[in-house]
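Undergrad: So here's work.cif (mmCIF, C-alpha atoms).
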```
data_start
#
loop_
_atom_site.label_atom_id
_atom_site.label_comp_id
_atom_site.auth_asym_id
_atom_site.auth_seq_id
_atom_site.Cartn_x
_atom_site.Cartn_y
_atom_site.Cartn_z
CA MET A 25 -74.17 -29.69 -72.60
CA PHE A 26 -70.54 -30.45 -72.05
CA GLY A 27 -69.04 -30.48 -68.62
CA THR A 28 -70.64 -33.62 -67.30
CA THR A 29 -71.36 -37.00 -68.82
CA ASP A 30 -74.42 -37.31 -66.60
CA GLY A 31 -76.77 -36.12 -69.32
CA TYR A 32 -75.55 -38.86 -71.65
CA GLN A 33 -75.98 -41.83 -69.32
CA GLY A 34 -77.95 -44.63 -70.92
CA ALA A 35 -78.23 -42.89 -74.26
CA ASP A 36 -76.25 -42.70 -77.46
CA ARG A 37 -77.38 -39.50 -79.20
CA ARG A 38 -76.10 -40.48 -82.62
CA THR A 39 -77.55 -44.00 -82.59
CA VAL A 40 -80.93 -42.94 -81.25
CA ALA A 41 -81.08 -40.01 -83.67
CA LYS A 42 -80.41 -42.20 -86.69
CA ALA A 43 -83.16 -44.59 -85.63
CA ALA A 44 -85.57 -41.68 -85.10
CA VAL A 45 -84.81 -40.11 -88.48
CA GLY A 46 -85.43 -43.44 -90.12
CA ALA A 47 -88.72 -43.78 -88.27
CA PHE A 48 -90.18 -40.58 -89.67
CA GLY A 49 -88.26 -40.35 -93.16
CA ALA A 50 -79.56 -20.82 -57.03
CA ALA A 51 -82.30 -19.77 -54.07
CA LEU A 52 -80.35 -16.51 -53.66
CA LEU A 53 -77.85 -15.00 -56.07
CA SER A 54 -74.59 -13.48 -54.92
CA ALA A 55 -74.06 -9.74 -55.16
CA GLY A 56 -74.90 -8.06 -58.43
CA CYS A 57 -77.82 -10.20 -59.69
CA GLY A 58 -81.15 -9.87 -57.95
CA VAL A 59 -84.64 -11.08 -58.74
CA ALA A 60 -86.32 -9.45 -61.72
CA ASN A 61 -89.57 -7.55 -61.35
CA GLY A 62 -92.70 -9.50 -62.16
CA SER A 63 -93.45 -13.20 -61.89
CA PRO A 64 -93.00 -14.68 -65.37
CA THR A 65 -94.03 -18.20 -64.39
CA LYS A 66 -97.43 -17.19 -62.99
CA GLY A 67 -100.51 -17.71 -65.12
CA HIS A 68 -98.86 -20.16 -67.53
CA PRO A 69 -99.91 -23.66 -66.38
CA ALA A 70 -99.31 -26.66 -68.57
CA GLY A 71 -102.34 -27.84 -70.52
CA ALA A 72 -103.42 -30.39 -73.10
CA GLY A 73 -101.74 -30.40 -76.51
CA HIS A 74 -103.46 -31.06 -79.83
CA GLY A 75 -102.24 -34.64 -79.77
CA GLY A 76 -103.65 -35.25 -76.30
CA GLY A 77 -100.29 -35.02 -74.53
CA LEU A 78 -99.29 -32.36 -72.03
CA ALA A 79 -98.60 -28.95 -73.60
CA LEU A 80 -95.86 -27.24 -71.62
CA ARG A 81 -95.75 -23.47 -71.18
CA LEU A 82 -92.79 -21.13 -71.44
CA PRO A 83 -92.54 -18.29 -68.89
CA ALA A 84 -93.86 -14.96 -70.15
CA PRO A 85 -91.41 -12.12 -70.84
CA THR A 86 -91.70 -9.17 -68.47
CA GLY A 87 -90.43 -6.27 -70.60
CA PRO A 88 -92.58 -3.57 -72.23
CA HIS A 89 -92.08 -4.53 -75.89
CA PRO A 90 -94.09 -7.04 -77.94
CA ILE A 91 -91.85 -9.53 -79.71
CA GLY A 92 -91.40 -10.54 -83.31
CA ALA A 93 -89.48 -13.59 -84.55
CA ALA A 94 -87.90 -14.62 -87.83
CA SER A 95 -85.77 -17.60 -88.81
CA LEU A 96 -82.82 -17.22 -91.16
CA TYR A 97 -81.11 -19.95 -93.15
CA LEU A 98 -77.48 -18.92 -93.59
CA VAL A 99 -74.92 -20.69 -95.77
CA ASP A 100 -71.15 -20.19 -95.53
CA ARG A 101 -69.73 -21.38 -98.83
CA ALA A 102 -66.17 -20.78 -97.65
CA ARG A 103 -66.35 -23.60 -95.09
CA ARG A 104 -67.14 -27.29 -95.34
CA ASP A 105 -69.28 -28.87 -92.68
CA PRO A 106 -66.92 -30.29 -90.03
CA TRP A 107 -69.20 -33.19 -89.04
CA GLU A 108 -70.56 -34.67 -92.28
CA PRO A 109 -68.14 -35.09 -95.23
CA GLY A 110 -71.05 -35.16 -97.68
CA ILE A 111 -72.02 -31.54 -96.94
CA ALA A 112 -69.78 -29.18 -98.92
CA VAL A 113 -70.83 -25.95 -97.17
CA ARG A 114 -71.44 -24.84 -93.59
CA GLU A 115 -75.08 -24.16 -92.82
CA VAL A 116 -76.36 -22.27 -89.79
CA MET A 117 -79.96 -21.77 -88.73
CA VAL A 118 -80.82 -18.80 -86.51
CA THR A 119 -83.92 -17.28 -84.96
CA VAL A 120 -84.03 -13.51 -84.55
CA PHE A 121 -86.17 -12.17 -81.67
CA TYR A 122 -86.77 -8.41 -81.73
CA PRO A 123 -89.05 -5.65 -80.39
CA ALA A 124 -92.03 -5.50 -82.74
CA ARG A 125 -93.95 -2.43 -83.88
CA THR A 126 -97.17 -4.45 -83.80
CA VAL A 127 -98.01 -8.13 -83.45
CA ARG A 128 -101.67 -7.90 -84.41
CA GLY A 129 -102.52 -10.40 -87.12
CA TYR A 130 -99.16 -12.24 -86.92
CA PRO A 131 -99.15 -15.86 -85.68
CA VAL A 132 -97.47 -16.93 -82.47
CA ALA A 133 -94.29 -18.89 -83.21
CA PRO A 134 -93.98 -22.51 -82.01
CA HIS A 135 -91.23 -23.41 -79.58
CA MET A 136 -90.11 -26.20 -81.94
CA THR A 137 -91.05 -27.02 -85.50
CA ARG A 138 -92.93 -30.27 -85.92
CA GLY A 139 -89.95 -32.04 -87.47
CA ALA A 140 -87.59 -30.87 -84.73
CA ALA A 141 -90.09 -31.85 -82.03
CA ASP A 142 -90.38 -35.37 -83.45
CA LEU A 143 -86.62 -35.84 -83.32
CA PHE A 144 -86.43 -34.22 -79.88
CA ARG A 145 -89.02 -36.71 -78.61
CA ALA A 146 -86.96 -39.61 -79.93
CA VAL A 147 -83.50 -38.44 -78.82
CA ASP A 148 -83.32 -35.69 -76.23
CA VAL A 149 -85.91 -37.14 -73.90
CA ARG A 150 -83.62 -40.13 -73.39
CA VAL A 151 -80.47 -38.04 -73.03
CA HIS A 152 -81.98 -35.82 -70.33
CA ARG A 153 -84.25 -38.46 -68.73
CA LEU A 154 -87.40 -36.62 -69.78
CA PRO A 155 -90.69 -38.51 -70.12
CA SER A 156 -90.93 -40.50 -73.34
CA LYS A 157 -94.74 -40.39 -73.32
CA GLY A 158 -97.45 -38.01 -72.22
CA VAL A 159 -95.99 -34.75 -73.63
CA ASP A 160 -96.80 -33.02 -76.90
CA TRP A 161 -93.46 -31.31 -77.49
CA ALA A 162 -94.71 -29.57 -80.64
CA ALA A 163 -97.61 -27.93 -78.77
CA THR A 164 -95.51 -25.46 -76.77
CA ARG A 165 -95.86 -21.90 -78.02
CA THR A 166 -93.55 -18.93 -77.58
CA HIS A 167 -94.58 -15.33 -76.90
CA ALA A 168 -93.09 -14.10 -80.20
CA HIS A 169 -95.02 -13.47 -83.41
CA THR A 170 -93.64 -14.74 -86.70
CA GLY A 171 -92.94 -12.03 -89.26
CA ALA A 172 -94.15 -9.06 -87.21
CA PRO A 173 -92.66 -5.71 -88.31
CA ALA A 174 -89.70 -4.49 -86.26
CA GLN A 175 -89.75 -1.23 -84.38
CA PRO A 176 -87.88 1.51 -86.32
CA VAL A 177 -85.20 1.83 -83.61
CA ARG A 178 -81.58 0.69 -83.71
CA ARG A 179 -81.13 -1.96 -80.99
CA PRO A 180 -78.10 -3.70 -79.46
CA VAL A 181 -77.60 -7.19 -80.86
CA LEU A 182 -77.03 -10.23 -78.63
CA LEU A 183 -76.05 -13.62 -80.05
CA TYR A 184 -76.99 -16.79 -78.15
CA THR A 185 -75.17 -20.11 -78.53
CA PRO A 186 -76.76 -23.09 -76.71
CA GLY A 187 -75.26 -25.95 -74.75
CA GLY A 188 -73.48 -28.78 -76.47
CA GLY A 189 -75.90 -31.13 -78.16
CA ASP A 190 -78.78 -28.71 -77.61
CA ALA A 191 -80.80 -26.74 -80.13
CA ARG A 192 -81.30 -23.00 -80.13
CA THR A 193 -84.94 -23.46 -79.13
CA LEU A 194 -83.95 -24.33 -75.55
CA GLY A 195 -82.84 -20.73 -74.96
CA THR A 196 -86.16 -19.20 -75.99
CA GLY A 197 -87.27 -17.94 -72.57
CA THR A 198 -84.22 -15.77 -71.93
CA ALA A 199 -84.11 -14.61 -75.56
CA GLU A 200 -87.72 -13.44 -75.36
CA GLU A 201 -87.08 -11.63 -72.09
CA LEU A 202 -84.15 -9.75 -73.61
CA ALA A 203 -86.13 -8.87 -76.74
CA SER A 204 -89.00 -7.61 -74.61
CA ARG A 205 -86.50 -5.28 -72.94
CA GLY A 206 -85.19 -3.72 -76.13
CA TYR A 207 -82.58 -6.09 -77.58
CA VAL A 208 -82.36 -7.96 -80.86
CA VAL A 209 -81.44 -11.52 -79.93
CA VAL A 210 -80.04 -13.94 -82.51
CA ALA A 211 -80.20 -17.56 -81.34
CA LEU A 212 -77.88 -19.90 -83.25
CA ASP A 213 -78.10 -23.58 -84.07
CA HIS A 214 -74.83 -25.38 -84.76
CA PRO A 215 -75.91 -28.25 -87.08
CA GLY A 216 -74.26 -31.58 -86.46
CA ASP A 217 -73.67 -30.45 -82.89
CA ALA A 218 -77.27 -29.48 -82.08
CA GLY A 219 -79.65 -32.29 -81.16
CA GLU A 220 -82.06 -31.44 -83.96
CA VAL A 221 -82.15 -28.77 -86.67
CA GLU A 222 -84.91 -28.43 -89.27
CA PHE A 223 -83.99 -26.64 -92.51
CA PRO A 224 -86.32 -24.88 -94.96
CA VAL A 225 -84.76 -26.69 -97.95
CA ALA A 226 -83.22 -30.08 -98.67
CA ARG A 227 -79.53 -30.49 -99.47
CA ALA A 228 -77.29 -33.38 -100.49
CA GLY A 229 -75.75 -35.06 -97.47
CA ARG A 230 -78.59 -34.46 -95.00
CA GLY A 231 -82.34 -34.68 -94.55
CA ARG A 232 -84.66 -31.79 -93.80
CA VAL A 233 -84.20 -32.48 -90.08
CA ARG A 234 -80.59 -33.03 -89.13
CA PRO A 235 -79.66 -34.93 -85.96
CA THR A 236 -76.56 -34.60 -83.85
CA VAL A 237 -73.41 -36.58 -84.57
CA PHE A 238 -72.44 -37.02 -80.92
CA ARG A 239 -72.23 -40.48 -79.39
CA GLY A 240 -71.40 -39.29 -75.90
CA ASP A 241 -69.92 -36.31 -74.10
CA PRO A 242 -67.53 -34.67 -76.61
CA ARG A 243 -65.42 -33.34 -73.75
CA ALA A 244 -64.25 -36.91 -73.27
CA ASP A 245 -62.52 -36.57 -76.65
CA PRO A 246 -60.11 -33.58 -76.64
CA GLN A 247 -59.93 -33.33 -80.43
CA GLN A 248 -63.68 -33.49 -80.83
CA PHE A 249 -64.17 -30.84 -78.16
CA ARG A 250 -61.65 -28.61 -79.93
CA THR A 251 -63.67 -29.00 -83.14
CA VAL A 252 -66.92 -28.25 -81.31
CA ILE A 253 -65.69 -24.95 -79.90
CA GLY A 254 -63.75 -23.91 -83.00
CA THR A 255 -66.79 -24.52 -85.19
CA ARG A 256 -69.07 -22.59 -82.85
CA ILE A 257 -66.72 -19.60 -82.82
CA ALA A 258 -66.54 -19.64 -86.62
CA ASP A 259 -70.35 -19.87 -86.75
CA ILE A 260 -70.70 -16.86 -84.44
CA ARG A 261 -68.33 -14.77 -86.54
CA PHE A 262 -70.02 -15.84 -89.78
CA VAL A 263 -73.45 -14.90 -88.40
CA LEU A 264 -72.08 -11.48 -87.46
CA ASP A 265 -70.91 -11.07 -91.06
CA ARG A 266 -74.38 -11.95 -92.37
CA LEU A 267 -76.04 -9.58 -89.91
CA THR A 268 -73.83 -6.84 -91.33
CA ALA A 269 -75.29 -7.62 -94.76
CA LEU A 270 -78.79 -7.57 -93.28
CA ALA A 271 -78.18 -4.18 -91.65
CA ALA A 272 -76.98 -2.89 -95.03
CA GLY A 273 -80.32 -3.75 -96.63
CA ARG A 274 -79.53 -7.15 -98.14
CA ASN A 275 -81.40 -10.39 -97.48
CA PRO A 276 -78.94 -12.99 -96.15
CA ASP A 277 -81.44 -15.87 -96.14
CA ALA A 278 -80.03 -18.49 -98.50
CA ALA A 279 -83.53 -19.68 -99.42
CA GLY A 280 -84.60 -16.15 -100.33
CA ARG A 281 -87.44 -16.09 -97.81
CA ALA A 282 -89.05 -12.73 -97.09
CA LEU A 283 -87.84 -10.76 -94.05
CA PRO A 284 -90.00 -8.91 -91.53
CA GLU A 285 -90.42 -5.23 -92.31
CA GLY A 286 -87.65 -3.10 -90.81
CA LEU A 287 -85.59 -5.99 -89.42
CA GLY A 288 -82.26 -4.86 -90.88
CA ARG A 289 -82.80 -1.29 -89.68
CA ALA A 290 -83.29 -2.58 -86.12
CA LEU A 291 -79.69 -3.82 -85.85
CA ASP A 292 -77.07 -1.67 -84.14
CA LEU A 293 -73.90 -3.66 -84.81
CA ARG A 294 -71.80 -1.13 -82.91
CA ARG A 295 -73.28 -2.70 -79.76
CA VAL A 296 -72.86 -6.49 -79.93
CA GLY A 297 -72.85 -9.02 -77.12
CA VAL A 298 -72.82 -12.81 -76.98
CA TYR A 299 -73.98 -15.24 -74.33
CA GLY A 300 -74.01 -19.01 -74.22
CA HIS A 301 -74.65 -22.05 -72.05
CA SER A 302 -72.08 -24.75 -71.31
CA ALA A 303 -70.17 -25.33 -74.59
CA GLY A 304 -71.92 -22.18 -75.76
CA GLY A 305 -70.46 -20.32 -72.80
CA THR A 306 -66.98 -21.48 -73.76
CA ALA A 307 -67.54 -20.32 -77.32
CA ALA A 308 -69.05 -16.99 -76.23
CA ALA A 309 -66.05 -16.06 -74.08
CA GLU A 310 -63.47 -17.13 -76.64
CA ALA A 311 -65.35 -15.49 -79.52
CA MET A 312 -65.19 -12.18 -77.67
CA TYR A 313 -61.45 -12.64 -77.22
CA GLU A 314 -61.00 -13.30 -80.94
CA ASP A 315 -63.45 -10.78 -82.40
CA ARG A 316 -63.31 -7.08 -81.52
CA ARG A 317 -66.88 -6.59 -82.77
CA ILE A 318 -68.11 -8.27 -79.58
CA GLY A 319 -68.26 -5.84 -76.68
CA ALA A 320 -69.45 -8.07 -73.80
CA ALA A 321 -70.07 -11.75 -73.11
CA VAL A 322 -71.81 -14.04 -70.62
CA ASN A 323 -70.54 -17.57 -69.99
CA LEU A 324 -73.25 -19.73 -68.43
CA GLU A 325 -71.17 -22.52 -66.89
CA GLY A 326 -68.82 -23.33 -69.74
CA TYR A 327 -65.22 -24.50 -69.33
CA LEU A 328 -62.46 -22.18 -70.45
CA ASP A 329 -59.95 -24.93 -71.07
CA LEU A 330 -59.54 -28.02 -73.21
CA PRO A 331 -59.79 -31.48 -71.66
CA ALA A 332 -56.47 -33.12 -70.88
CA GLU A 333 -54.98 -35.19 -73.71
CA ARG A 334 -54.19 -37.95 -71.21
CA PRO A 335 -55.16 -38.56 -67.56
CA GLY A 336 -52.92 -36.61 -65.24
CA ARG A 337 -51.85 -34.10 -67.87
CA GLU A 338 -52.47 -30.40 -67.33
CA ARG A 339 -55.40 -28.96 -69.26
CA GLU A 340 -54.68 -26.27 -71.86
CA LEU A 341 -56.40 -22.94 -71.21
CA TYR A 342 -58.22 -21.20 -74.02
CA PRO A 343 -56.53 -17.87 -74.91
CA VAL A 344 -59.29 -15.87 -73.21
CA ALA A 345 -58.41 -17.51 -69.89
CA ARG A 346 -54.69 -17.56 -70.56
CA HIS A 347 -54.36 -13.90 -71.53
CA GLY A 348 -57.50 -12.24 -70.19
CA VAL A 349 -59.80 -9.87 -72.06
CA ASP A 350 -60.27 -6.11 -72.01
CA ARG A 351 -64.08 -6.22 -72.29
CA PRO A 352 -66.70 -7.26 -69.72
CA LEU A 353 -67.26 -10.97 -69.11
CA LEU A 354 -69.73 -12.56 -66.68
CA LEU A 355 -69.19 -16.11 -65.42
CA LEU A 356 -72.46 -17.49 -64.06
CA GLY A 357 -72.58 -20.94 -62.46
CA SER A 358 -74.85 -23.25 -60.49
CA GLU A 359 -74.36 -24.73 -57.04
CA HIS A 360 -74.84 -28.35 -58.07
CA PHE A 361 -72.79 -28.56 -61.26
CA PRO A 362 -71.37 -32.11 -60.96
CA THR A 363 -67.83 -31.19 -62.07
CA ARG A 364 -67.43 -27.80 -60.38
CA LYS A 365 -63.88 -28.68 -59.30
CA GLU A 366 -62.86 -29.26 -62.91
CA LEU A 367 -64.50 -25.98 -63.92
CA GLU A 368 -62.75 -24.08 -61.13
CA GLY A 369 -59.28 -24.15 -62.66
CA SER A 370 -60.07 -22.24 -65.84
CA TRP A 371 -62.51 -19.85 -64.15
CA SER A 372 -59.96 -19.00 -61.46
CA ALA A 373 -57.38 -18.33 -64.17
CA MET A 374 -59.84 -16.01 -65.89
CA LEU A 375 -60.55 -14.11 -62.68
CA ALA A 376 -56.86 -13.76 -61.82
CA HIS A 377 -56.16 -11.30 -64.65
CA PRO A 378 -55.81 -7.67 -63.58
CA GLY A 379 -58.21 -5.02 -64.75
CA GLY A 380 -61.39 -6.27 -63.12
CA ARG A 381 -63.42 -6.85 -66.32
CA THR A 382 -64.57 -10.36 -65.31
CA ARG A 383 -67.21 -11.05 -62.67
CA ARG A 384 -68.48 -14.34 -61.26
CA HIS A 385 -71.82 -15.27 -59.65
CA GLN A 386 -73.61 -18.45 -58.64
CA ILE A 387 -77.23 -19.56 -58.33
CA ASP A 388 -77.72 -21.62 -55.19
CA GLY A 389 -80.02 -24.63 -55.25
CA ALA A 390 -79.62 -24.88 -59.04
CA ALA A 391 -78.11 -27.45 -61.39
CA HIS A 392 -76.51 -27.12 -64.82
CA TRP A 393 -79.60 -26.91 -67.04
CA VAL A 394 -81.23 -24.12 -65.03
CA PHE A 395 -79.81 -21.70 -67.61
CA CYS A 396 -82.14 -22.88 -70.38
CA ASP A 397 -85.86 -23.54 -70.82
CA TYR A 398 -85.69 -26.71 -68.72
CA ALA A 399 -85.76 -24.41 -65.66
CA ALA A 400 -89.46 -23.81 -66.39
CA LEU A 401 -90.34 -27.05 -68.20
CA ALA A 402 -88.92 -29.67 -65.81
CA PRO A 403 -91.02 -28.50 -62.79
CA GLN A 404 -94.16 -28.71 -64.97
CA LEU A 405 -93.26 -32.29 -65.85
CA GLN A 406 -92.74 -33.12 -62.18
CA ASP A 407 -96.04 -31.47 -61.19
CA ALA A 408 -97.83 -33.56 -63.83
CA GLY A 409 -96.32 -36.77 -62.43
CA LEU A 410 -94.23 -37.33 -65.56
CA MET A 411 -90.79 -36.71 -64.08
CA PRO A 412 -89.39 -37.99 -60.76
CA ALA A 413 -88.16 -35.39 -58.29
CA GLY A 414 -84.65 -36.79 -58.49
CA ASP A 415 -84.45 -36.40 -62.26
CA ARG A 416 -85.80 -32.86 -62.05
CA ALA A 417 -83.21 -32.00 -59.36
CA ALA A 418 -80.37 -33.47 -61.45
CA LEU A 419 -81.46 -31.41 -64.43
CA VAL A 420 -82.24 -27.98 -62.95
CA GLY A 421 -81.87 -28.31 -59.17
CA THR A 422 -84.43 -28.02 -56.40
CA ILE A 423 -84.88 -24.27 -56.80
CA GLY A 424 -88.35 -23.40 -58.08
CA PRO A 425 -88.95 -21.65 -61.41
CA ASP A 426 -90.53 -18.64 -59.67
CA ALA A 427 -87.04 -17.98 -58.29
CA SER A 428 -84.67 -19.44 -60.89
CA VAL A 429 -86.22 -17.99 -64.05
CA PRO A 430 -86.19 -14.35 -62.81
CA MET A 431 -82.68 -14.81 -61.41
CA VAL A 432 -81.16 -16.00 -64.67
CA ARG A 433 -83.02 -13.31 -66.60
CA ARG A 434 -81.99 -10.58 -64.19
CA CYS A 435 -78.34 -11.64 -64.30
CA VAL A 436 -78.10 -11.78 -68.08
CA HIS A 437 -80.21 -8.69 -68.73
CA GLY A 438 -78.62 -6.70 -65.92
CA PHE A 439 -75.14 -7.42 -67.27
CA PHE A 440 -75.98 -6.36 -70.82
CA ALA A 441 -78.04 -3.38 -69.64
CA ARG A 442 -74.96 -2.12 -67.84
CA HIS A 443 -72.45 -2.69 -70.63
CA LEU A 444 -74.58 -2.55 -73.82
CA PRO A 445 -77.63 -0.53 -72.75
CA ALA A 446 -80.76 -0.58 -74.90
CA ARG A 447 -81.32 3.17 -75.07
#
```
Any chance you could give the structure as structure tokens?

TA:
Amino acid sequence: MFGTTDGYQGADRRTVAKAAVGAFGAALLSAGCGVANGSPTKGHPAGAGHGGGLALRLPAPTGPHPIGAASLYLVDRARRDPWEPGIAVREVMVTVFYPARTVRGYPVAPHMTRGAADLFRAVDVRVHRLPSKGVDWAATRTHAHTGAPAQPVRRPVLLYTPGGGDARTLGTGTAEELASRGYVVVALDHPGDAGEVEFPVARAGRGRVRPTVFRGDPRADPQQFRTVIGTRIADIRFVLDRLTALAAGRNPDAAGRALPEGLGRALDLRRVGVYGHSAGGTAAAEAMYEDRRIGAAVNLEGYLDLPAERPGRERELYPVARHGVDRPLLLLGSEHFPTRKELEGSWSAMLAHPGGRTRRHQIDGAAHWVFCDYAALAPQLQDAGLMPAGDRAALVGTIGPDASVPMVRRCVHGFFARHLPAR
């Protein structure tokens, strides 16, 4: 998650990932964002997984709609992969969460596939100082049902882009909440960037489970960071193109896998939003600036400038911060982000533009990863004696999940409900 090197201390993502692949072949929110109704973290204690390790639980969605889920394998043949020269096309994996007509008889989707969970256990646990033993990462289940038929109602579409080095799975809790409240949410993986991505088919130049290429914090390398954000923006725009094909009745899945009944008819691409965490927040804001199809965006603690080319040099603002934007943008941060002063420059520039379309809020008592599923998972690890209090606080802050999870959900949902209402 770019913005701090703290998450990379003691770990080399690329080196650890290669070894692993070889091994297996805010207490109160400022005005405008209150606490959501319901208590999504109640009644979901961690339990034992099939392998004997702890099975963590995601917070339940609080909206009225049951949720379906479908993964799509999308291939852009007009772009080469920017990270691996042996891959001649750009591949993107997405999960679509949507209000379902019925979920009876459809299986509950796993949080991570088995292959992704194995790589996560080998790589991400070291990056984020999570426990290396005692957890069955593949045992966590979502609240969405694979392949369930979609409701026959056109819904606003929200794209989610995760933090740098993270997979789309870590945004599942918020995506499910939004889907339960009437949105179609499309969570993107950015292969080569994401910590782990499992594909439905093999391809020359990669294995079935692809690890990240990062060896440290890409923001320490201005050119690499530029590639990260540029690739993510291109991925977002490409996915929007493929969703247009889906809405027109075509199947965009490059492996030809069957789609849930009515999924294409559930997309209202006249109402599109995008939200993202950290590097994903940067990409979300800039993608809205570049693409008129996007009507609103949420930046969850992502920089809006490039790192300085040399120490002491002024950082270059992204165009969205340099010129402003004529559509709504929410900047949502945490109290204990380690490099808040560095973030402040680009966010202040964004807020200085006239027109009042940008708003900023902060979650007190929270740290950078409170905006993803770690907000609920890290406290469970601490309660089980598997994670020291200090590591939990560095990851998500001292705020409890009964406060932080509803706050993040209420902020993101409240913003989109105001600007892209799910009628």

Undergrad: Taking all atoms listed in the file into account, name the residue in A:Val151, A:Val252, A:Ala391, A:Leu375 that is nearest to Trp107 (chain A).

TA: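 Using all atoms listed in the file, the shortest distance to Trp107 (chain A) belongs to A:Val252.
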
Undergrad: Could you spell out the hits of the PyMOL selection byres ((chain A and resi 393-406) around 9) on the shown file, as a CSV table (one decimal) with C-alpha atoms, in the frame of the given file?

TA:
```csv
chain,number,residue,atom,x,y,z
A,25,MET,CA,-74.2,-29.7,-72.6
A,50,ALA,CA,-79.6,-20.8,-57.0
A,65,THR,CA,-94.0,-18.2,-64.4
A,69,PRO,CA,-99.9,-23.7,-66.4
A,70,ALA,CA,-99.3,-26.7,-68.6
A,78,LEU,CA,-99.3,-32.4,-72.0
A,80,LEU,CA,-95.9,-27.2,-71.6
A,81,ARG,CA,-95.8,-23.5,-71.2
A,82,LEU,CA,-92.8,-21.1,-71.4
A,83,PRO,CA,-92.5,-18.3,-68.9
A,154,LEU,CA,-87.4,-36.6,-69.8
A,155,PRO,CA,-90.7,-38.5,-70.1
A,159,VAL,CA,-96.0,-34.8,-73.6
A,186,PRO,CA,-76.8,-23.1,-76.7
A,187,GLY,CA,-75.3,-26.0,-74.8
A,193,THR,CA,-84.9,-23.5,-79.1
A,194,LEU,CA,-84.0,-24.3,-75.6
A,195,GLY,CA,-82.8,-20.7,-75.0
A,196,THR,CA,-86.2,-19.2,-76.0
A,197,GLY,CA,-87.3,-17.9,-72.6
A,198,THR,CA,-84.2,-15.8,-71.9
A,301,HIS,CA,-74.6,-22.0,-72.0
A,302,SER,CA,-72.1,-24.8,-71.3
A,324,LEU,CA,-73.2,-19.7,-68.4
A,325,GLU,CA,-71.2,-22.5,-66.9
A,357,GLY,CA,-72.6,-20.9,-62.5
A,358,SER,CA,-74.8,-23.2,-60.5
A,390,ALA,CA,-79.6,-24.9,-59.0
A,391,ALA,CA,-78.1,-27.4,-61.4
A,392,HIS,CA,-76.5,-27.1,-64.8
A,407,ASP,CA,-96.0,-31.5,-61.2
A,408,ALA,CA,-97.8,-33.6,-63.8
A,409,GLY,CA,-96.3,-36.8,-62.4
A,410,LEU,CA,-94.2,-37.3,-65.6
A,411,MET,CA,-90.8,-36.7,-64.1
A,412,PRO,CA,-89.4,-38.0,-60.8
A,413,ALA,CA,-88.2,-35.4,-58.3
A,415,ASP,CA,-84.4,-36.4,-62.3
A,416,ARG,CA,-85.8,-32.9,-62.0
A,417,ALA,CA,-83.2,-32.0,-59.4
A,418,ALA,CA,-80.4,-33.5,-61.4
A,419,LEU,CA,-81.5,-31.4,-64.4
A,420,VAL,CA,-82.2,-28.0,-63.0
A,421,GLY,CA,-81.9,-28.3,-59.2
A,423,ILE,CA,-84.9,-24.3,-56.8
A,424,GLY,CA,-88.4,-23.4,-58.1
A,425,PRO,CA,-89.0,-21.6,-61.4
A,426,ASP,CA,-90.5,-18.6,-59.7
A,428,SER,CA,-84.7,-19.4,-60.9
A,429,VAL,CA,-86.2,-18.0,-64.0
A,432,VAL,CA,-81.2,-16.0,-64.7
```

Undergrad: With all atoms listed in the file as the basis for distance, which of A:Arg145, A:Arg138, A:His214, A:Arg103 is at the shortest distance from Gly188 (chain A)?

TA: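 Answer, going by the shortest atom-to-atom distance: A:His214.
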
Undergrad: Kindly provide, as JSON, numbers by chain, the polymer residues lying within 6 Å of (-72.3, -35.0, -89.3), counting only C-alpha atoms and using the coordinates exactly as they appear in the file.

TA: {"A": [107, 108, 216, 237]}

Undergrad: Could you state which residues are captured by the PyMOL selection byres ((chain A and resi 144) around 10) in this file, as an mmCIF file with C-alpha atoms, in the frame of the given file?

TA:
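Saved the output as result38.cif:
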```cif
data_model
loop_
_atom_site.group_PDB
_atom_site.id
_atom_site.type_symbol
_atom_site.label_atom_id
_atom_site.label_comp_id
_atom_site.auth_asym_id
_atom_site.auth_seq_id
_atom_site.Cartn_x
_atom_site.Cartn_y
_atom_site.Cartn_z
ATOM 1 C CA ALA A 41 -81.080 -40.010 -83.670
ATOM 2 C CA ALA A 44 -85.570 -41.680 -85.100
ATOM 3 C CA MET A 136 -90.110 -26.200 -81.940
ATOM 4 C CA ARG A 138 -92.930 -30.270 -85.920
ATOM 5 C CA GLY A 139 -89.950 -32.040 -87.470
ATOM 6 C CA ALA A 140 -87.590 -30.870 -84.730
ATOM 7 C CA ALA A 141 -90.090 -31.850 -82.030
ATOM 8 C CA ASP A 142 -90.380 -35.370 -83.450
ATOM 9 C CA LEU A 143 -86.620 -35.840 -83.320
ATOM 10 C CA ARG A 145 -89.020 -36.710 -78.610
ATOM 11 C CA ALA A 146 -86.960 -39.610 -79.930
ATOM 12 C CA VAL A 147 -83.500 -38.440 -78.820
ATOM 13 C CA ASP A 148 -83.320 -35.690 -76.230
ATOM 14 C CA VAL A 149 -85.910 -37.140 -73.900
ATOM 15 C CA ARG A 150 -83.620 -40.130 -73.390
ATOM 16 C CA VAL A 151 -80.470 -38.040 -73.030
ATOM 17 C CA TRP A 161 -93.460 -31.310 -77.490
ATOM 18 C CA ALA A 162 -94.710 -29.570 -80.640
ATOM 19 C CA ASP A 190 -78.780 -28.710 -77.610
ATOM 20 C CA ALA A 191 -80.800 -26.740 -80.130
ATOM 21 C CA GLY A 219 -79.650 -32.290 -81.160
ATOM 22 C CA GLU A 220 -82.060 -31.440 -83.960
ATOM 23 C CA VAL A 221 -82.150 -28.770 -86.670
ATOM 24 C CA PRO A 235 -79.660 -34.930 -85.960
#
```
